[in-house]
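For reference, data.cif is printed below; it contains mmCIF, C-alpha atoms.
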```cif
data_input
#
loop_
_atom_site.group_PDB
_atom_site.id
_atom_site.type_symbol
_atom_site.label_atom_id
_atom_site.label_comp_id
_atom_site.auth_asym_id
_atom_site.auth_seq_id
_atom_site.Cartn_x
_atom_site.Cartn_y
_atom_site.Cartn_z
ATOM 1 C CA MET A 4 -11.395 20.623 -16.386
ATOM 2 C CA LYS A 5 -15.069 21.082 -15.616
ATOM 3 C CA ARG A 6 -17.754 18.385 -15.405
ATOM 4 C CA LYS A 7 -21.273 17.954 -14.078
ATOM 5 C CA LEU A 8 -21.570 17.814 -10.311
ATOM 6 C CA THR A 9 -21.740 14.125 -9.379
ATOM 7 C CA ALA A 10 -24.072 12.529 -6.899
ATOM 8 C CA LEU A 11 -21.076 11.562 -4.801
ATOM 9 C CA LEU A 12 -19.948 15.131 -4.458
ATOM 10 C CA CYS A 13 -23.487 16.217 -3.617
ATOM 11 C CA GLY A 14 -23.684 13.551 -0.923
ATOM 12 C CA ALA A 15 -20.306 14.538 0.448
ATOM 13 C CA ALA A 16 -21.335 18.157 0.408
ATOM 14 C CA MET A 17 -24.467 17.436 2.440
ATOM 15 C CA MET A 18 -22.414 15.502 4.991
ATOM 16 C CA PHE A 19 -19.851 18.271 5.131
ATOM 17 C CA LEU A 20 -22.408 21.026 5.544
ATOM 18 C CA THR A 21 -24.282 19.057 8.181
ATOM 19 C CA SER A 22 -21.115 18.583 10.230
ATOM 20 C CA CYS A 23 -19.526 21.958 9.603
ATOM 21 C CA GLY A 24 -22.383 24.319 10.049
ATOM 22 C CA GLU A 25 -22.123 27.382 7.849
ATOM 23 C CA SER A 26 -19.166 26.305 5.681
ATOM 24 C CA ASP A 27 -19.535 27.429 2.076
ATOM 25 C CA LEU A 28 -19.650 24.554 -0.420
ATOM 26 C CA ASN A 29 -18.252 26.809 -3.155
ATOM 27 C CA ALA A 30 -15.213 27.511 -0.987
ATOM 28 C CA THR A 31 -14.445 23.866 -0.161
ATOM 29 C CA VAL A 32 -12.084 21.429 -1.855
ATOM 30 C CA PHE A 33 -13.113 17.796 -1.500
ATOM 31 C CA VAL A 34 -9.685 16.154 -1.411
ATOM 32 C CA THR A 35 -9.401 12.779 -3.170
ATOM 33 C CA SER A 36 -5.641 12.190 -2.881
ATOM 34 C CA MET A 37 -2.716 13.687 -1.060
ATOM 35 C CA GLY A 38 1.085 13.633 -1.244
ATOM 36 C CA VAL A 39 3.120 13.993 1.958
ATOM 37 C CA SER A 40 6.893 14.374 2.177
ATOM 38 C CA LEU A 41 9.221 15.117 5.083
ATOM 39 C CA ASN A 42 12.651 16.555 4.331
ATOM 40 C CA ASP A 43 15.035 18.151 6.851
ATOM 41 C CA GLY A 44 12.251 18.508 9.392
ATOM 42 C CA ILE A 45 9.864 20.296 7.014
ATOM 43 C CA TYR A 46 6.636 18.785 5.732
ATOM 44 C CA THR A 47 5.325 19.419 2.227
ATOM 45 C CA VAL A 48 1.718 18.434 1.526
ATOM 46 C CA SER A 49 0.110 18.418 -1.925
ATOM 47 C CA VAL A 50 -3.645 17.918 -2.233
ATOM 48 C CA TYR A 51 -5.761 17.033 -5.261
ATOM 49 C CA GLY A 52 -9.521 17.199 -5.440
ATOM 50 C CA SER A 53 -12.496 19.133 -6.743
ATOM 51 C CA ALA A 54 -14.646 22.078 -5.734
ATOM 52 C CA ALA A 55 -18.158 23.098 -6.696
ATOM 53 C CA VAL A 56 -18.503 26.006 -9.091
ATOM 54 C CA GLY A 57 -22.200 26.647 -9.516
ATOM 55 C CA GLU A 58 -23.690 23.388 -10.839
ATOM 56 C CA GLU A 59 -20.357 22.051 -12.023
ATOM 57 C CA THR A 60 -17.077 20.993 -10.447
ATOM 58 C CA GLU A 61 -13.551 22.160 -11.040
ATOM 59 C CA ASP A 62 -10.335 20.207 -10.431
ATOM 60 C CA ILE A 63 -8.203 21.829 -7.724
ATOM 61 C CA SER A 64 -4.629 21.227 -6.582
ATOM 62 C CA ALA A 65 -2.682 23.028 -3.896
ATOM 63 C CA SER A 66 0.396 22.616 -1.722
ATOM 64 C CA GLY A 67 1.805 23.907 1.532
ATOM 65 C CA THR A 68 4.755 23.448 3.854
ATOM 66 C CA GLY A 69 5.103 23.441 7.616
ATOM 67 C CA ARG A 70 6.882 22.030 10.644
ATOM 68 C CA THR A 71 4.061 19.493 10.998
ATOM 69 C CA ALA A 72 1.746 17.858 8.479
ATOM 70 C CA SER A 73 -1.179 19.767 9.995
ATOM 71 C CA GLU A 74 0.575 23.099 9.528
ATOM 72 C CA ALA A 75 1.387 22.167 5.932
ATOM 73 C CA LEU A 76 -2.292 21.363 5.328
ATOM 74 C CA ILE A 77 -3.323 24.733 6.726
ATOM 75 C CA ASN A 78 -0.906 26.418 4.334
ATOM 76 C CA ALA A 79 -2.214 24.304 1.439
ATOM 77 C CA ALA A 80 -5.694 25.603 2.215
ATOM 78 C CA GLU A 81 -4.335 29.147 2.147
ATOM 79 C CA ASP A 82 -2.637 28.379 -1.175
ATOM 80 C CA CYS A 83 -5.957 27.602 -2.886
ATOM 81 C CA LYS A 84 -7.913 30.030 -0.666
ATOM 82 C CA MET A 85 -10.443 27.292 0.158
ATOM 83 C CA GLU A 86 -11.232 24.967 3.020
ATOM 84 C CA LEU A 87 -10.038 21.366 2.679
ATOM 85 C CA PHE A 88 -12.386 18.462 3.360
ATOM 86 C CA LEU A 89 -10.330 15.274 3.844
ATOM 87 C CA GLY A 90 -13.097 12.837 4.809
ATOM 88 C CA HIS A 91 -13.219 11.289 1.331
ATOM 89 C CA CYS A 92 -9.485 11.064 0.630
ATOM 90 C CA THR A 93 -8.914 7.746 -1.172
ATOM 91 C CA GLY A 94 -5.124 7.625 -1.178
ATOM 92 C CA ILE A 95 -1.992 9.090 0.386
ATOM 93 C CA ALA A 96 1.469 8.918 -1.197
ATOM 94 C CA ALA A 97 4.342 9.549 1.207
ATOM 95 C CA ASN A 98 8.125 9.342 1.291
ATOM 96 C CA SER A 99 10.179 7.245 3.727
ATOM 97 C CA ALA A 100 10.686 9.946 6.360
ATOM 98 C CA ALA A 101 6.988 10.796 6.513
ATOM 99 C CA LEU A 102 6.045 7.115 6.723
ATOM 100 C CA ARG A 103 8.348 6.708 9.716
ATOM 101 C CA ASP A 104 6.831 9.635 11.619
ATOM 102 C CA SER A 105 4.568 7.766 14.046
ATOM 103 C CA ALA A 106 3.161 11.053 15.373
ATOM 104 C CA MET A 107 1.996 12.085 11.897
ATOM 105 C CA LEU A 108 0.506 8.651 11.181
ATOM 106 C CA ALA A 109 -1.350 8.589 14.495
ATOM 107 C CA GLU A 110 -2.635 12.126 13.933
ATOM 108 C CA PHE A 111 -3.894 11.296 10.440
ATOM 109 C CA ALA A 112 -5.415 7.960 11.511
ATOM 110 C CA GLY A 113 -7.236 9.610 14.399
ATOM 111 C CA GLY A 114 -8.301 12.736 12.548
ATOM 112 C CA GLU A 115 -10.495 13.730 9.637
ATOM 113 C CA ILE A 116 -8.912 11.244 7.214
ATOM 114 C CA SER A 117 -10.441 7.759 7.277
ATOM 115 C CA PRO A 118 -8.234 5.220 9.122
ATOM 116 C CA ALA A 119 -8.919 2.885 6.168
ATOM 117 C CA CYS A 120 -7.399 5.295 3.640
ATOM 118 C CA PRO A 121 -4.727 3.422 1.599
ATOM 119 C CA VAL A 122 -1.139 4.644 1.889
ATOM 120 C CA TYR A 123 1.501 4.312 -0.849
ATOM 121 C CA PHE A 124 5.258 4.800 -0.960
ATOM 122 C CA SER A 125 6.746 7.375 -3.335
ATOM 123 C CA ASP A 126 10.071 9.177 -3.658
ATOM 124 C CA SER A 127 8.071 12.067 -5.173
ATOM 125 C CA PRO A 128 4.766 12.069 -3.251
ATOM 126 C CA GLY A 129 3.476 15.262 -4.880
ATOM 127 C CA LYS A 130 3.554 13.565 -8.292
ATOM 128 C CA GLY A 131 2.700 10.083 -7.034
ATOM 129 C CA ALA A 132 -0.528 11.310 -5.454
ATOM 130 C CA GLU A 133 -1.852 12.457 -8.823
ATOM 131 C CA ASN A 134 -2.334 8.884 -10.034
ATOM 132 C CA ILE A 135 -3.190 6.797 -6.994
ATOM 133 C CA PRO A 136 -4.354 3.354 -8.237
ATOM 134 C CA ALA A 137 -8.082 2.763 -7.934
ATOM 135 C CA GLU A 138 -7.788 -0.884 -6.859
ATOM 136 C CA GLY A 139 -5.317 -3.575 -5.913
ATOM 137 C CA PHE A 140 -3.223 -4.167 -2.803
ATOM 138 C CA GLY A 141 -3.112 -1.353 -0.294
ATOM 139 C CA THR A 142 -1.828 -0.720 3.235
ATOM 140 C CA GLU A 143 -4.390 1.126 5.318
ATOM 141 C CA LEU A 144 -3.421 4.189 7.319
ATOM 142 C CA TYR A 145 -4.449 2.568 10.599
ATOM 143 C CA GLU A 146 -2.343 -0.546 9.857
ATOM 144 C CA LEU A 147 0.674 1.590 9.058
ATOM 145 C CA SER A 148 0.206 3.527 12.289
ATOM 146 C CA VAL A 149 0.171 0.262 14.253
ATOM 147 C CA PHE A 150 3.238 -1.051 12.395
ATOM 148 C CA SER A 151 5.116 2.142 13.200
ATOM 149 C CA LYS A 152 4.172 1.989 16.875
ATOM 150 C CA ASN A 153 5.143 -1.674 17.249
ATOM 151 C CA GLY A 154 8.317 -1.514 15.179
ATOM 152 C CA VAL A 155 7.074 -4.208 12.759
ATOM 153 C CA PRO A 156 8.186 -3.948 9.105
ATOM 154 C CA ALA A 157 5.465 -2.483 6.895
ATOM 155 C CA VAL A 158 4.844 -3.545 3.297
ATOM 156 C CA ILE A 159 3.575 -0.642 1.233
ATOM 157 C CA PRO A 160 2.633 -0.540 -2.477
ATOM 158 C CA VAL A 161 4.482 1.926 -4.690
ATOM 159 C CA ALA A 162 2.235 4.753 -5.928
ATOM 160 C CA GLU A 163 3.795 4.863 -9.391
ATOM 161 C CA ASP A 164 3.766 1.055 -9.812
ATOM 162 C CA PRO A 165 1.287 -0.722 -7.484
ATOM 163 C CA GLU A 166 2.607 -4.152 -8.558
ATOM 164 C CA ARG A 167 5.809 -3.314 -6.673
ATOM 165 C CA VAL A 168 6.137 -2.888 -2.924
ATOM 166 C CA ALA A 169 8.447 -1.086 -0.541
ATOM 167 C CA VAL A 170 9.399 -2.773 2.727
ATOM 168 C CA LEU A 171 9.747 -0.159 5.434
ATOM 169 C CA THR A 172 11.703 -0.802 8.636
ATOM 170 C CA ALA A 173 12.829 1.595 11.330
ATOM 171 C CA GLN A 174 16.242 1.869 9.659
ATOM 172 C CA GLU A 175 15.707 1.496 5.916
ATOM 173 C CA THR A 176 13.347 1.273 2.972
ATOM 174 C CA ILE A 177 13.802 -1.610 0.540
ATOM 175 C CA LEU A 178 12.179 -1.126 -2.862
ATOM 176 C CA THR A 179 11.660 -4.635 -4.231
ATOM 177 C CA ASP A 180 11.455 -5.609 -7.895
ATOM 178 C CA SER A 181 8.246 -6.935 -9.462
ATOM 179 C CA GLU A 182 9.030 -10.623 -8.844
ATOM 180 C CA ASP A 183 10.063 -10.204 -5.206
ATOM 181 C CA SER A 184 7.029 -7.970 -4.685
ATOM 182 C CA LEU A 185 4.739 -10.710 -6.001
ATOM 183 C CA GLY A 186 6.437 -13.327 -3.828
ATOM 184 C CA ILE A 187 6.096 -11.184 -0.715
ATOM 185 C CA MET A 188 2.427 -10.492 -1.309
ATOM 186 C CA ILE A 189 1.617 -14.155 -2.018
ATOM 187 C CA LEU A 190 3.402 -15.282 1.157
ATOM 188 C CA ARG A 191 1.577 -12.588 3.133
ATOM 189 C CA GLY A 192 -1.742 -13.870 1.775
ATOM 190 C CA GLU A 193 -2.500 -10.453 0.279
ATOM 191 C CA ALA A 194 -1.837 -10.942 -3.437
ATOM 192 C CA VAL A 195 -4.396 -9.658 -5.932
ATOM 193 C CA PRO A 196 -5.238 -11.412 -9.232
ATOM 194 C CA ARG A 197 -2.711 -10.872 -12.007
ATOM 195 C CA THR A 198 -1.438 -12.463 -15.203
ATOM 196 C CA VAL A 199 1.794 -14.405 -15.730
ATOM 197 C CA THR A 200 3.273 -15.714 -18.966
ATOM 198 C CA VAL A 201 4.560 -19.289 -18.851
ATOM 199 C CA SER A 202 5.391 -22.130 -21.235
ATOM 200 C CA GLY A 203 2.390 -24.187 -22.296
ATOM 201 C CA GLU A 204 1.708 -27.137 -24.556
ATOM 202 C CA ASN A 205 1.890 -25.082 -27.754
ATOM 203 C CA GLY A 206 4.291 -22.289 -26.847
ATOM 204 C CA PHE A 207 3.874 -19.532 -24.293
ATOM 205 C CA GLU A 208 0.540 -18.899 -22.561
ATOM 206 C CA THR A 209 -0.677 -15.988 -20.477
ATOM 207 C CA VAL A 210 -2.733 -17.185 -17.538
ATOM 208 C CA THR A 211 -4.518 -15.395 -14.729
ATOM 209 C CA ILE A 212 -3.774 -16.408 -11.162
ATOM 210 C CA SER A 213 -5.836 -15.485 -8.103
ATOM 211 C CA PRO A 214 -3.609 -16.665 -5.241
ATOM 212 C CA GLU A 215 -5.035 -17.697 -1.880
ATOM 213 C CA THR A 216 -2.558 -18.601 0.851
ATOM 214 C CA LYS A 217 -3.004 -20.635 4.023
ATOM 215 C CA ARG A 218 -0.377 -19.632 6.571
ATOM 216 C CA SER A 219 0.959 -21.088 9.785
ATOM 217 C CA ALA A 220 4.245 -21.228 11.702
ATOM 218 C CA TYR A 221 5.751 -23.733 14.090
ATOM 219 C CA TYR A 222 9.036 -24.759 15.712
ATOM 220 C CA ALA A 223 10.630 -28.142 15.026
ATOM 221 C CA ASP A 224 13.994 -29.093 16.564
ATOM 222 C CA GLY A 225 14.349 -25.472 17.626
ATOM 223 C CA VAL A 226 13.980 -24.159 14.069
ATOM 224 C CA LEU A 227 11.234 -21.744 13.043
ATOM 225 C CA HIS A 228 9.222 -23.029 10.075
ATOM 226 C CA ALA A 229 6.909 -20.819 8.004
ATOM 227 C CA ASP A 230 4.353 -23.169 6.466
ATOM 228 C CA MET A 231 2.619 -21.684 3.414
ATOM 229 C CA THR A 232 0.167 -23.423 1.078
ATOM 230 C CA VAL A 233 -0.644 -21.374 -2.026
ATOM 231 C CA GLU A 234 -3.653 -22.148 -4.202
ATOM 232 C CA LEU A 235 -3.206 -20.310 -7.504
ATOM 233 C CA ASN A 236 -6.797 -20.660 -8.786
ATOM 234 C CA ILE A 237 -5.608 -20.557 -12.397
ATOM 235 C CA SER A 238 -8.286 -19.695 -14.928
ATOM 236 C CA GLU A 239 -8.480 -21.615 -18.233
ATOM 237 C CA ALA A 240 -4.986 -22.885 -18.940
ATOM 238 C CA SER A 241 -3.468 -26.012 -20.433
ATOM 239 C CA GLU A 242 -2.136 -28.623 -18.051
ATOM 240 C CA GLN A 243 1.451 -27.758 -18.963
ATOM 241 C CA ALA A 244 0.837 -24.042 -18.421
ATOM 242 C CA ALA A 245 -0.665 -24.749 -14.996
ATOM 243 C CA VAL A 246 2.384 -26.784 -14.015
ATOM 244 C CA SER A 247 4.724 -24.083 -15.330
ATOM 245 C CA ALA A 248 2.840 -21.383 -13.414
ATOM 246 C CA ALA A 249 3.115 -23.355 -10.176
ATOM 247 C CA GLU A 250 6.865 -23.825 -10.715
ATOM 248 C CA LEU A 251 7.336 -20.122 -11.485
ATOM 249 C CA ILE A 252 5.410 -18.943 -8.423
ATOM 250 C CA ARG A 253 7.287 -21.413 -6.247
ATOM 251 C CA GLU A 254 10.643 -20.035 -7.453
ATOM 252 C CA ILE A 255 9.484 -16.440 -6.981
ATOM 253 C CA CYS A 256 8.239 -17.041 -3.424
ATOM 254 C CA ILE A 257 11.370 -18.920 -2.351
ATOM 255 C CA SER A 258 13.628 -16.218 -3.804
ATOM 256 C CA ALA A 259 11.732 -13.434 -2.036
ATOM 257 C CA TYR A 260 11.821 -15.319 1.283
ATOM 258 C CA VAL A 261 15.550 -16.033 1.104
ATOM 259 C CA LYS A 262 16.426 -12.434 0.161
ATOM 260 C CA LEU A 263 14.247 -10.606 2.658
ATOM 261 C CA VAL A 264 13.926 -13.031 5.574
ATOM 262 C CA ASN A 265 17.009 -15.272 5.571
ATOM 263 C CA ASP A 266 19.587 -12.854 4.155
ATOM 264 C CA MET A 267 18.375 -9.507 5.505
ATOM 265 C CA GLY A 268 16.470 -10.594 8.621
ATOM 266 C CA ILE A 269 13.362 -8.607 7.663
ATOM 267 C CA ASP A 270 9.971 -10.155 8.363
ATOM 268 C CA ALA A 271 8.457 -8.911 5.118
ATOM 269 C CA VAL A 272 6.101 -11.905 4.919
ATOM 270 C CA GLY A 273 4.463 -11.225 8.293
ATOM 271 C CA ILE A 274 5.531 -14.223 10.404
ATOM 272 C CA SER A 275 5.050 -12.023 13.481
ATOM 273 C CA SER A 276 1.295 -12.377 13.037
ATOM 274 C CA LEU A 277 1.674 -16.166 13.307
ATOM 275 C CA THR A 278 4.210 -16.674 16.110
ATOM 276 C CA GLY A 279 6.946 -14.976 18.113
ATOM 277 C CA TYR A 280 10.651 -15.175 17.290
ATOM 278 C CA ASN A 281 13.995 -13.512 17.885
ATOM 279 C CA GLU A 282 16.390 -12.234 15.241
ATOM 280 C CA ALA A 283 18.486 -15.396 15.112
ATOM 281 C CA GLN A 284 15.379 -17.564 14.736
ATOM 282 C CA LEU A 285 14.105 -15.390 11.884
ATOM 283 C CA LEU A 286 17.410 -15.500 10.019
ATOM 284 C CA SER A 287 17.592 -19.296 10.281
ATOM 285 C CA SER A 288 13.916 -19.919 9.586
ATOM 286 C CA ARG A 289 12.777 -22.296 6.887
ATOM 287 C CA LEU A 290 10.005 -21.832 4.340
ATOM 288 C CA VAL A 291 7.807 -24.884 3.896
ATOM 289 C CA LEU A 292 6.018 -24.073 0.650
ATOM 290 C CA THR A 293 3.314 -25.876 -1.289
ATOM 291 C CA VAL A 294 1.973 -24.378 -4.525
ATOM 292 C CA GLU A 295 -1.120 -25.916 -6.069
#
```
Representation of the structure as structure tokens:
Amino acid sequence: MKRKLTALLCGAAMMFLTSCGESDLNATVFVTSMGVSLNDGIYTVSVYGSAAVGEETEDISASGTGRTASEALINAAEDCKMELFLGHCTGIAANSAALRDSAMLAEFAGGEISPACPVYFSDSPGKGAENIPAEGFGTELYELSVFSKNGVPAVIPVAEDPERVAVLTAQETILTDSEDSLGIMILRGEAVPRTVTVSGENGFETVTISPETKRSAYYADGVLHADMTVELNISEASEQAAVSAAELIREICISAYVKLVNDMGIDAVGISSLTGYNEAQLLSSRLVLTVE
């Protein structure tokens, strides 16, 4: 599909040409999203973006494989017979193996791709990268690189359904359902506004919540307590609907905490950023939750 050359592309082109000397704009793909998978030691990279054709732009996609992500990118460039400019990539979808490769994450975070580029989980990164969500929760590339280095569980949105998250540990990837995903994000203090349907004074009501969470952790009688106060900031709802929403969110958060933290011993809610603990303390920890 062709469209008029946008001001953004022109600006990017000027930056690219300034930094890359005699590179030809008409032989450059400005990559906007990328899929990365690692299977049996081989990387596959799919890129999606646009290239200038005269005064218009043309959508371009290409893919390549290699023993490293960099080699796969080189082969993707050969596939479309153009140079790849990654400085404006706005999303990366990757599978579990690629997300666990700390060398790849460090290379990407320290290279041409912005360290703030959001990263998403996908079992099929090549397809997932085609529809990276424009807004909502995201895990930045730099954060993921740090998580990988420190061995801390990472919470990553799912490319195909950004209201769900995957919890990535060194050993496994847990794909949570929509309710547990919401509970995790609220308890992490990273939830984005969304709607919930609850019982109101005259039947069911759909209300919008914009959760804000105050977080702390402390030890009492040798037991780790995660103290979370959630302000829902409900917009225009009956009193009964507001009460119902608070009860629903409370149940969702408690369920997510019990499943991930108490039962599985995974710090999906990010207690490590509040205080230190050992495995036994995490498993026996208590959630002190207030929802307003």
(request) Taking the file as shown, find all residues satisfying the PyMOL selection byres ((chain A and resi 131) around 9) and write them as a list in words. (result)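 That selection, the PyMOL selection byres ((chain A and resi 131) around 9), comes back as Met37, Gly38, Ile95, Ala96, Ala97, Tyr123, Phe124, Ser125, Asp126, Ser127, Pro128, Gly129, Lys130, Ala132, Glu133, Asn134, Ile135, Val161, Ala162 and Glu163 of chain A.
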(request) Identify which of the residues A:Ala157, A:Ala229, A:Leu251, A:Ile77 lies closest to Asn265 (chain A), counting all atoms listed in the file when measuring atom-to-atom distances. (result)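 Smallest separation from Asn265 (chain A) among the options: A:Ala229.
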(request) Any chance you could resolve the PyMOL selection byres ((chain A and resi 139) around 10) against this file and give the residues as number ranges by chain? (result) A: 136-138, 140-141, 160, 165-166, 193-197
Report as JSON lines the residues of region 94-191 of chain A within 12 Å of region 270-275 of chain A, each with its shortest atom pair and distance in Å (one decimal), using all atoms listed in the file, ordered by chain and increasing residue number.
```
{"residue": "A:Phe150", "atom": "CA", "partner": "A:Gly273", "partner_atom": "CA", "distance": 11.0}
{"residue": "A:Asn153", "atom": "CA", "partner": "A:Ser275", "partner_atom": "CA", "distance": 11.0}
{"residue": "A:Gly154", "atom": "CA", "partner": "A:Asp270", "partner_atom": "CA", "distance": 11.1}
{"residue": "A:Val155", "atom": "CA", "partner": "A:Asp270", "partner_atom": "CA", "distance": 7.9}
{"residue": "A:Pro156", "atom": "CA", "partner": "A:Ala271", "partner_atom": "CA", "distance": 6.4}
{"residue": "A:Ala157", "atom": "CA", "partner": "A:Ala271", "partner_atom": "CA", "distance": 7.3}
{"residue": "A:Val158", "atom": "CA", "partner": "A:Ala271", "partner_atom": "CA", "distance": 6.7}
{"residue": "A:Ile159", "atom": "CA", "partner": "A:Ala271", "partner_atom": "CA", "distance": 10.4}
{"residue": "A:Val168", "atom": "CA", "partner": "A:Ala271", "partner_atom": "CA", "distance": 10.3}
{"residue": "A:Ala169", "atom": "CA", "partner": "A:Ala271", "partner_atom": "CA", "distance": 9.7}
{"residue": "A:Val170", "atom": "CA", "partner": "A:Ala271", "partner_atom": "CA", "distance": 6.7}
{"residue": "A:Leu171", "atom": "CA", "partner": "A:Ala271", "partner_atom": "CA", "distance": 8.9}
{"residue": "A:Thr172", "atom": "CA", "partner": "A:Ala271", "partner_atom": "CA", "distance": 9.4}
{"residue": "A:Thr176", "atom": "CA", "partner": "A:Ala271", "partner_atom": "CA", "distance": 11.5}
{"residue": "A:Ile177", "atom": "CA", "partner": "A:Ala271", "partner_atom": "CA", "distance": 10.1}
{"residue": "A:Leu178", "atom": "CA", "partner": "A:Ala271", "partner_atom": "CA", "distance": 11.8}
{"residue": "A:Thr179", "atom": "CA", "partner": "A:Ala271", "partner_atom": "CA", "distance": 10.8}
{"residue": "A:Asp183", "atom": "CA", "partner": "A:Ala271", "partner_atom": "CA", "distance": 10.5}
{"residue": "A:Ser184", "atom": "CA", "partner": "A:Ala271", "partner_atom": "CA", "distance": 10.0}
{"residue": "A:Leu185", "atom": "CA", "partner": "A:Val272", "partner_atom": "CA", "distance": 11.1}
{"residue": "A:Gly186", "atom": "CA", "partner": "A:Val272", "partner_atom": "CA", "distance": 8.9}
{"residue": "A:Ile187", "atom": "CA", "partner": "A:Val272", "partner_atom": "CA", "distance": 5.7}
{"residue": "A:Met188", "atom": "CA", "partner": "A:Val272", "partner_atom": "CA", "distance": 7.4}
{"residue": "A:Ile189", "atom": "CA", "partner": "A:Val272", "partner_atom": "CA", "distance": 8.6}
{"residue": "A:Leu190", "atom": "CA", "partner": "A:Val272", "partner_atom": "CA", "distance": 5.7}
{"residue": "A:Arg191", "atom": "CA", "partner": "A:Val272", "partner_atom": "CA", "distance": 4.9}
```
Residues of region 130-227 of chain A at most 6 Å from region 99-119 of chain A: nearest atom pair and distance in Å, all atoms listed in the file, as JSON lines:
```
{"residue": "A:Glu143", "atom": "CA", "partner": "A:Ala119", "partner_atom": "CA", "distance": 4.9}
{"residue": "A:Leu144", "atom": "CA", "partner": "A:Pro118", "partner_atom": "CA", "distance": 5.2}
{"residue": "A:Tyr145", "atom": "CA", "partner": "A:Pro118", "partner_atom": "CA", "distance": 4.9}
{"residue": "A:Ser148", "atom": "CA", "partner": "A:Leu108", "partner_atom": "CA", "distance": 5.3}
{"residue": "A:Ser151", "atom": "CA", "partner": "A:Ser105", "partner_atom": "CA", "distance": 5.7}
```
(request) Between A:Glu242, A:Glu254, A:Glu295, A:Asp230, single out the one closest to Ser213 (chain A), counting all atoms listed in the file. (result) A:Glu295
(message) On this structure, the PyMOL selection byres ((chain A and resi 92) around 7) would catch which residues? List them as a PyMOL selection string, sorted by chain and number.
(response) chain A and resi 34-36+89-91+93-94+116+120
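We find CA of Ala54 (chain A) and CA of Gly67 (chain A) to be spaced 18.1 Å apart.
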